[in-house]
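work_30.cif (mmCIF, C-alpha atoms) appears below.
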```cif
data_final
loop_
_atom_site.label_atom_id
_atom_site.label_comp_id
_atom_site.auth_asym_id
_atom_site.auth_seq_id
_atom_site.Cartn_x
_atom_site.Cartn_y
_atom_site.Cartn_z
CA MET A 380 83.60 76.59 111.67
CA ASP A 381 80.93 75.36 114.05
CA TRP A 382 81.08 77.76 116.98
CA SER A 383 78.37 75.85 118.83
CA LYS A 384 80.75 72.91 119.27
CA ILE A 385 83.31 75.17 120.95
CA GLU A 386 81.12 77.42 123.10
CA GLY A 387 80.66 75.88 126.53
CA THR A 388 83.64 73.51 126.31
CA GLY A 389 85.85 75.71 128.50
CA LYS A 390 88.61 75.57 125.90
CA ILE A 391 89.86 79.02 124.86
CA PHE A 392 89.35 79.52 121.14
CA THR A 393 92.04 80.90 118.84
CA ASP A 394 91.07 81.74 115.27
CA HIS A 395 93.98 80.61 113.13
CA SER A 396 92.24 81.78 109.96
CA PHE A 397 92.57 85.37 111.17
CA PRO A 398 95.71 85.16 113.30
CA ALA A 399 96.58 87.72 115.96
CA ASP A 400 99.72 89.00 114.30
CA GLN A 401 100.77 91.70 111.85
CA THR A 402 98.70 90.13 109.05
CA MET A 403 95.54 90.94 111.00
CA LEU A 404 96.49 94.60 110.74
CA SER A 405 97.83 94.85 107.21
CA TRP A 406 99.62 92.89 104.54
CA LYS A 407 103.01 94.35 103.80
CA GLU A 408 102.83 93.02 100.24
CA TYR A 409 99.40 94.52 99.55
CA PRO A 410 99.04 97.81 101.41
CA LYS A 411 95.83 99.76 100.92
CA THR A 412 97.31 103.01 102.06
CA ILE A 413 100.62 104.40 100.97
CA GLY A 414 102.66 105.89 103.80
CA GLY A 415 100.18 107.14 106.39
CA LEU A 416 98.31 104.40 108.16
CA THR A 417 100.58 101.47 107.30
CA LYS A 418 103.38 103.02 109.34
CA TYR A 419 101.18 103.36 112.44
CA LEU A 420 99.82 99.84 112.15
CA THR A 421 103.32 98.48 112.77
CA TRP A 422 103.16 100.00 116.26
CA PHE A 423 100.71 97.38 117.44
CA LYS A 424 102.63 94.30 118.49
CA GLU A 425 100.50 93.06 121.33
CA PHE A 426 97.20 91.17 121.17
CA ARG A 427 95.09 90.50 124.22
CA ARG A 428 91.68 89.30 125.25
CA PRO A 429 89.13 91.52 127.06
CA ARG A 430 89.31 89.48 130.27
CA ASP A 431 93.10 89.95 130.42
CA LEU A 432 92.70 93.67 129.81
CA HIS A 433 89.97 93.93 132.38
CA SER A 434 92.04 92.28 135.05
CA MET A 435 94.88 94.72 134.29
CA SER A 436 92.62 97.77 134.14
CA LYS A 437 92.53 100.52 136.74
CA GLN A 438 88.85 100.99 135.94
CA LYS A 439 87.85 97.45 136.88
CA ASP A 440 85.86 98.77 139.83
CA LYS A 441 83.71 100.87 137.49
CA VAL A 442 82.87 98.06 135.07
CA THR A 443 82.45 94.91 137.05
CA GLN A 444 82.72 92.38 134.22
CA VAL A 445 83.42 91.84 130.57
CA SER A 446 80.10 91.69 128.81
CA LEU A 447 78.90 91.16 125.26
CA PHE A 448 76.24 93.85 125.02
CA GLY A 449 77.06 95.80 128.18
CA SER A 450 75.48 96.14 131.58
CA GLU A 451 72.98 98.77 130.41
CA TYR A 452 71.68 96.47 127.70
CA GLU A 453 71.05 93.79 130.29
CA LYS A 454 68.79 96.25 132.14
CA THR A 455 67.19 98.24 129.32
CA LYS A 456 67.67 96.12 126.16
CA LYS A 457 69.23 99.18 124.52
CA LEU A 458 72.82 99.31 123.38
CA VAL A 459 74.98 102.16 124.63
CA VAL A 460 76.35 104.02 121.62
CA LYS A 461 77.21 107.33 123.25
CA ASN A 462 80.80 108.46 122.72
CA ILE A 463 81.85 105.43 120.74
CA GLU A 464 85.30 105.82 119.29
CA MET B 1110 91.80 104.12 112.37
CA GLY B 1111 89.60 105.71 109.73
CA ASP B 1112 86.54 103.49 110.02
CA ASN B 1113 84.26 106.20 111.37
CA TYR B 1114 81.99 105.55 108.38
CA PHE B 1115 81.42 102.04 109.77
CA LEU B 1116 80.91 103.23 113.35
CA THR B 1117 78.40 105.85 112.19
CA VAL B 1118 76.22 103.21 110.59
CA VAL B 1119 76.61 100.90 113.59
CA ALA B 1120 75.45 103.71 115.89
CA ALA B 1121 72.46 104.48 113.67
CA LEU B 1122 71.41 100.83 113.48
CA ALA B 1123 72.00 100.24 117.19
CA ASP B 1124 69.13 102.63 117.77
CA ARG B 1125 66.83 100.39 115.71
CA GLY B 1126 65.63 97.64 117.99
CA ASP B 1127 67.62 94.43 117.78
CA THR B 1128 69.24 95.07 114.38
CA ILE B 1129 72.75 94.89 115.82
CA THR B 1130 72.22 92.36 118.61
CA SER B 1131 70.52 89.95 116.20
CA LEU B 1132 73.74 89.83 114.14
CA PHE B 1133 75.29 87.90 117.02
CA HIS B 1134 74.52 84.24 117.58
CA HIS B 1135 75.28 84.80 121.25
CA LYS B 1136 73.40 86.52 124.03
CA THR B 1137 76.25 86.67 126.52
CA TYR B 1138 80.03 86.79 126.56
CA ASN B 1139 81.36 83.26 126.46
CA HIS B 1140 84.40 82.00 128.32
CA GLU B 1141 85.92 80.44 125.18
CA GLY B 1142 86.17 83.79 123.40
CA ILE B 1143 84.44 82.59 120.23
CA PHE B 1144 81.86 84.77 118.55
CA ALA B 1145 79.85 84.04 115.44
CA ILE B 1146 78.39 87.07 113.73
CA LYS B 1147 76.01 86.98 110.79
CA PRO B 1148 76.38 90.08 108.63
CA PHE B 1149 75.79 90.25 104.87
CA VAL B 1150 78.56 89.67 102.38
CA LYS B 1151 77.64 90.49 98.78
CA GLY B 1152 74.03 90.62 99.91
CA ARG B 1153 73.95 87.18 101.47
CA PRO B 1154 73.92 86.42 105.19
CA GLU B 1155 77.18 84.80 106.13
CA ASP B 1156 78.57 83.53 109.43
CA ILE B 1157 81.87 85.12 110.35
CA THR B 1158 83.55 83.58 113.37
CA VAL B 1159 86.14 85.54 115.32
CA ASP B 1160 88.06 85.08 118.54
CA ASP B 1161 88.44 87.86 121.09
CA LEU B 1162 92.13 88.64 120.63
CA PHE B 1163 92.42 92.35 119.85
CA PRO B 1164 95.40 94.50 118.91
CA ILE B 1165 96.37 96.51 121.97
CA TYR B 1166 98.01 99.88 122.49
CA ASN B 1167 98.62 101.35 125.96
CA ASN B 1168 96.65 98.50 127.50
CA GLN B 1169 93.56 99.39 125.49
CA PRO B 1170 92.15 98.09 122.22
CA ALA B 1171 94.07 99.84 119.45
CA PHE B 1172 90.94 100.59 117.43
CA VAL B 1173 87.35 100.91 118.57
CA LYS B 1174 86.92 100.68 122.34
CA PRO B 1175 84.33 98.71 124.30
CA THR B 1176 81.27 100.72 125.27
CA SER B 1177 81.25 102.64 128.55
CA ASP B 1178 79.16 99.92 130.21
CA GLY B 1179 81.66 97.18 129.41
CA GLY B 1180 80.11 95.89 126.17
CA TRP B 1181 82.55 94.33 123.70
CA TRP B 1182 80.04 93.93 120.86
CA LEU B 1183 81.50 96.88 118.96
CA PRO B 1184 85.16 95.71 118.86
CA LEU B 1185 83.87 92.24 117.89
CA LEU B 1186 81.76 93.67 115.08
CA GLU B 1187 84.67 95.77 113.85
CA LYS B 1188 86.90 92.69 113.94
CA ALA B 1189 84.38 90.68 111.90
CA TYR B 1190 84.24 93.54 109.37
CA ALA B 1191 88.05 93.57 109.21
CA LYS B 1192 88.14 89.79 108.75
CA ALA B 1193 85.59 89.97 105.94
CA ASN B 1194 87.80 92.59 104.29
CA VAL B 1195 91.10 90.70 104.88
CA ASN B 1196 92.58 92.95 107.60
CA TYR B 1197 92.07 96.15 109.62
CA GLU B 1198 93.91 98.35 107.15
CA MET B 1199 91.42 97.42 104.44
CA ILE B 1200 88.55 98.94 106.42
CA SER B 1201 90.27 102.27 106.88
CA SER B 1202 88.31 104.81 104.88
CA GLY B 1203 85.19 103.59 103.17
CA ARG B 1204 81.60 104.41 102.36
CA GLN B 1205 78.70 104.38 104.78
CA ALA B 1206 76.57 102.60 102.19
CA GLU B 1207 78.94 99.62 102.08
CA ALA B 1208 78.90 99.42 105.87
CA ALA B 1209 75.09 99.59 105.83
CA ARG B 1210 74.88 96.75 103.32
CA PHE B 1211 77.26 94.66 105.43
CA LEU B 1212 75.31 95.23 108.63
CA SER B 1213 71.74 95.18 107.35
CA GLY B 1214 71.74 93.42 104.00
CA SER B 1215 69.42 96.16 102.81
CA PRO B 1216 69.92 98.41 99.80
CA ALA B 1217 71.73 101.62 100.68
CA ARG B 1218 72.12 104.81 98.67
CA GLU B 1219 74.35 107.83 98.96
CA PHE B 1220 73.61 111.42 98.03
CA ASP B 1221 76.35 113.94 97.47
CA THR B 1222 74.80 117.12 98.81
CA ASN B 1223 77.04 119.29 96.65
CA LEU B 1224 75.63 117.71 93.51
CA ILE B 1225 71.95 118.36 94.20
CA THR B 1226 69.95 121.48 95.02
CA GLN B 1227 68.74 122.27 98.52
CA GLU B 1228 65.18 121.54 97.38
CA GLU B 1229 66.15 118.14 96.02
CA LEU B 1230 68.01 117.34 99.23
CA TRP B 1231 65.07 118.41 101.40
CA SER B 1232 62.65 116.45 99.28
CA SER B 1233 64.83 113.34 99.47
CA LEU B 1234 65.25 113.65 103.23
CA SER B 1235 61.52 114.16 103.74
CA ILE B 1236 60.55 111.15 101.64
CA ASN B 1237 63.08 108.85 103.30
CA LEU B 1238 62.27 110.05 106.81
CA LYS B 1239 58.59 109.33 106.18
CA LYS B 1240 59.55 105.81 105.15
CA ASP B 1241 61.47 105.49 108.43
CA TYR B 1242 64.69 104.72 106.59
CA VAL B 1243 67.99 104.96 108.45
CA ILE B 1244 69.78 108.16 107.43
CA THR B 1245 73.36 109.04 108.25
CA ALA B 1246 75.64 111.86 107.14
CA ALA B 1247 79.32 112.35 106.56
CA CYS B 1248 81.65 115.06 105.37
CA TYR B 1249 84.71 114.49 103.30
CA HIS B 1250 87.94 116.39 102.88
CA GLU B 1251 86.58 119.18 100.75
CA PHE B 1252 83.98 120.71 103.05
#
```
Mind converting the file's structure to structure tokens?
Amino acid sequence: MDWSKIEGTGKIFTDHSFPADQTMLSWKEYPKTIGGLTKYLTWFKEFRRPRDLHSMSKQKDKVTQVSLFGSEYEKTKKLVVKNIE
Amino acid sequence: MGDNYFLTVVAALADRGDTITSLFHHKTYNHEGIFAIKPFVKGRPEDITVDDLFPIYNNQPAFVKPTSDGGWWLPLLEKAYAKANVNYEMISSGRQAEAARFLSGSPAREFDTNLITQEELWSSLSINLKKDYVITAACYHEF
């Protein structure tokens, strides 16, 4: 897939080879884990994009925009990795 | 989620110049939500393209969160790792060495500290620190 032909077109990209549905989380027919995690992965029904989340977020005043490497990186050229989870 | 092993290596490499940022073909977040990432699959650099649709729980990404300064590089990297491994479940529980090979393409070794003496461990750490190698640690169930 040539990403460079899509970036800049203004057309929102959807990756159909890794669809945003249950198969992105796990394959019912081929589970890796027995019991544990598989059960919890069925909880996640909703898929959203960062911009949608950001516009819904209560913290939108704290982080002014969705960014690839973060606002600190833009200033310092260092990625923030503190408290990643 | 159980991919702490992956996040540990990401955090260690993020401290090494542009190792992580150079995996991305992009410098900024694009409007189209398409991201091409070039990690290493079976030792070879390979483009993995993902969109920015993430599984959500309580209005937050279900798995790794964006960084505190609004950076989405980490969820995108995790998604590319999940795509390379078929789905998110497949990346739950794994080895730091496999994550290191995926992210850096470099050889990675593991030492089980319970199988070597303290002297051997210290010697190994000293040698590898002098070579400026990336070193991470983990503990497993029986600690």
Name the residues, using the chain letters and numbers of the file, that sit within 12 Å of (85.8, 98.4, 126.1) when counting all atoms listed in the file, and give them as a PyMOL selection string.
-> (chain A and resi 428-433+436+438-439+441-450+459-460+462-464) or (chain B and resi 1161+1163+1165+1168-1185)
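Taking atom CA of B:Ala1217 and atom CA of A:Lys456 as the two end points, the separation is 26.4 Å.
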With all atoms listed in the file as the atoms that count, which of B:Leu1162, B:Met1110, B:Ala1246, B:Val1150 lies nearest to chain A?
-> B:Leu1162
For stretch 1114-1127 of chain B, work out the shell of residues within 8 Å, counting all atoms listed in the file and skipping chain neighbours fewer than 5 positions away, then give it as a VMD selection string.
-> (chain A and resid 457 to 458 460 463 to 464) or (chain B and resid 1202 to 1205 1208 to 1209 1212 1243 to 1245 1247)
Could you pull the residues within 12 Å of A:Ile385, counting only C-alpha atoms, minus those fewer than 3 positions along the same chain, as a PDB file with C-alpha atoms, in the frame of the given file?
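result-v1.pdb written:
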```
ATOM      1  CA  MET A 380      83.600  76.590 111.670  1.00  0.00           C
ATOM      2  CA  ASP A 381      80.930  75.360 114.050  1.00  0.00           C
ATOM      3  CA  TRP A 382      81.080  77.760 116.980  1.00  0.00           C
ATOM      4  CA  THR A 388      83.640  73.510 126.310  1.00  0.00           C
ATOM      5  CA  GLY A 389      85.850  75.710 128.500  1.00  0.00           C
ATOM      6  CA  LYS A 390      88.610  75.570 125.900  1.00  0.00           C
ATOM      7  CA  ILE A 391      89.860  79.020 124.860  1.00  0.00           C
ATOM      8  CA  PHE A 392      89.350  79.520 121.140  1.00  0.00           C
ATOM      9  CA  THR A 393      92.040  80.900 118.840  1.00  0.00           C
ATOM     10  CA  ASP A 394      91.070  81.740 115.270  1.00  0.00           C
TER      11      ASP A 394
ATOM     12  CA  ASN B1139      81.360  83.260 126.460  1.00  0.00           C
ATOM     13  CA  HIS B1140      84.400  82.000 128.320  1.00  0.00           C
ATOM     14  CA  GLU B1141      85.920  80.440 125.180  1.00  0.00           C
ATOM     15  CA  GLY B1142      86.170  83.790 123.400  1.00  0.00           C
ATOM     16  CA  ILE B1143      84.440  82.590 120.230  1.00  0.00           C
ATOM     17  CA  PHE B1144      81.860  84.770 118.550  1.00  0.00           C
ATOM     18  CA  ALA B1145      79.850  84.040 115.440  1.00  0.00           C
ATOM     19  CA  THR B1158      83.550  83.580 113.370  1.00  0.00           C
ATOM     20  CA  ASP B1160      88.060  85.080 118.540  1.00  0.00           C
TER      21      ASP B1160
END
```
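Using all atoms listed in the file, the shortest contact distance between chain A and any of B:Ser1131, B:Thr1137, B:Ser1213, B:Thr1222 is found at B:Thr1137.
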One decimal, Å: what's the distance from atom CA of B:Phe1220 over to atom CA of B:Leu1238, could you say?
->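 Interatomic distance, atom CA of B:Phe1220 to atom CA of B:Leu1238: 14.4 Å.
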Distance criterion (only C-alpha atoms): nearest to A:Lys424 out of B:Arg1218, B:Pro1164, B:Ala1206, B:Ala1191 |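 Nearest to A:Lys424: B:Pro1164.
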Do you have the atom CA of A:Met403-atom CA of B:Asn1196 distance handy?
-> 4.9 Å
Looking at only C-alpha atoms, which of B:Asp1112, B:Thr1226, B:Lys1188, B:Arg1210 is the one that sits closest to B:Ile1146?
->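 Comparing B:Asp1112, B:Thr1226, B:Lys1188, B:Arg1210 against B:Ile1146, the winner is B:Lys1188.
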Pick from A:Thr421, A:Ser405, A:Thr455, A:Ser383 nearest to chain B, counting all atoms listed in the file |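 When distances to chain B are compared using all atoms listed in the file, the smallest one comes from A:Ser405.
Residue nearest B:Cys1248 within the list B:Glu1198, B:Glu1155, B:Glu1207, B:Asp1221: B:Asp1221 [criterion: smallest interatomic distance, only C-alpha atoms].
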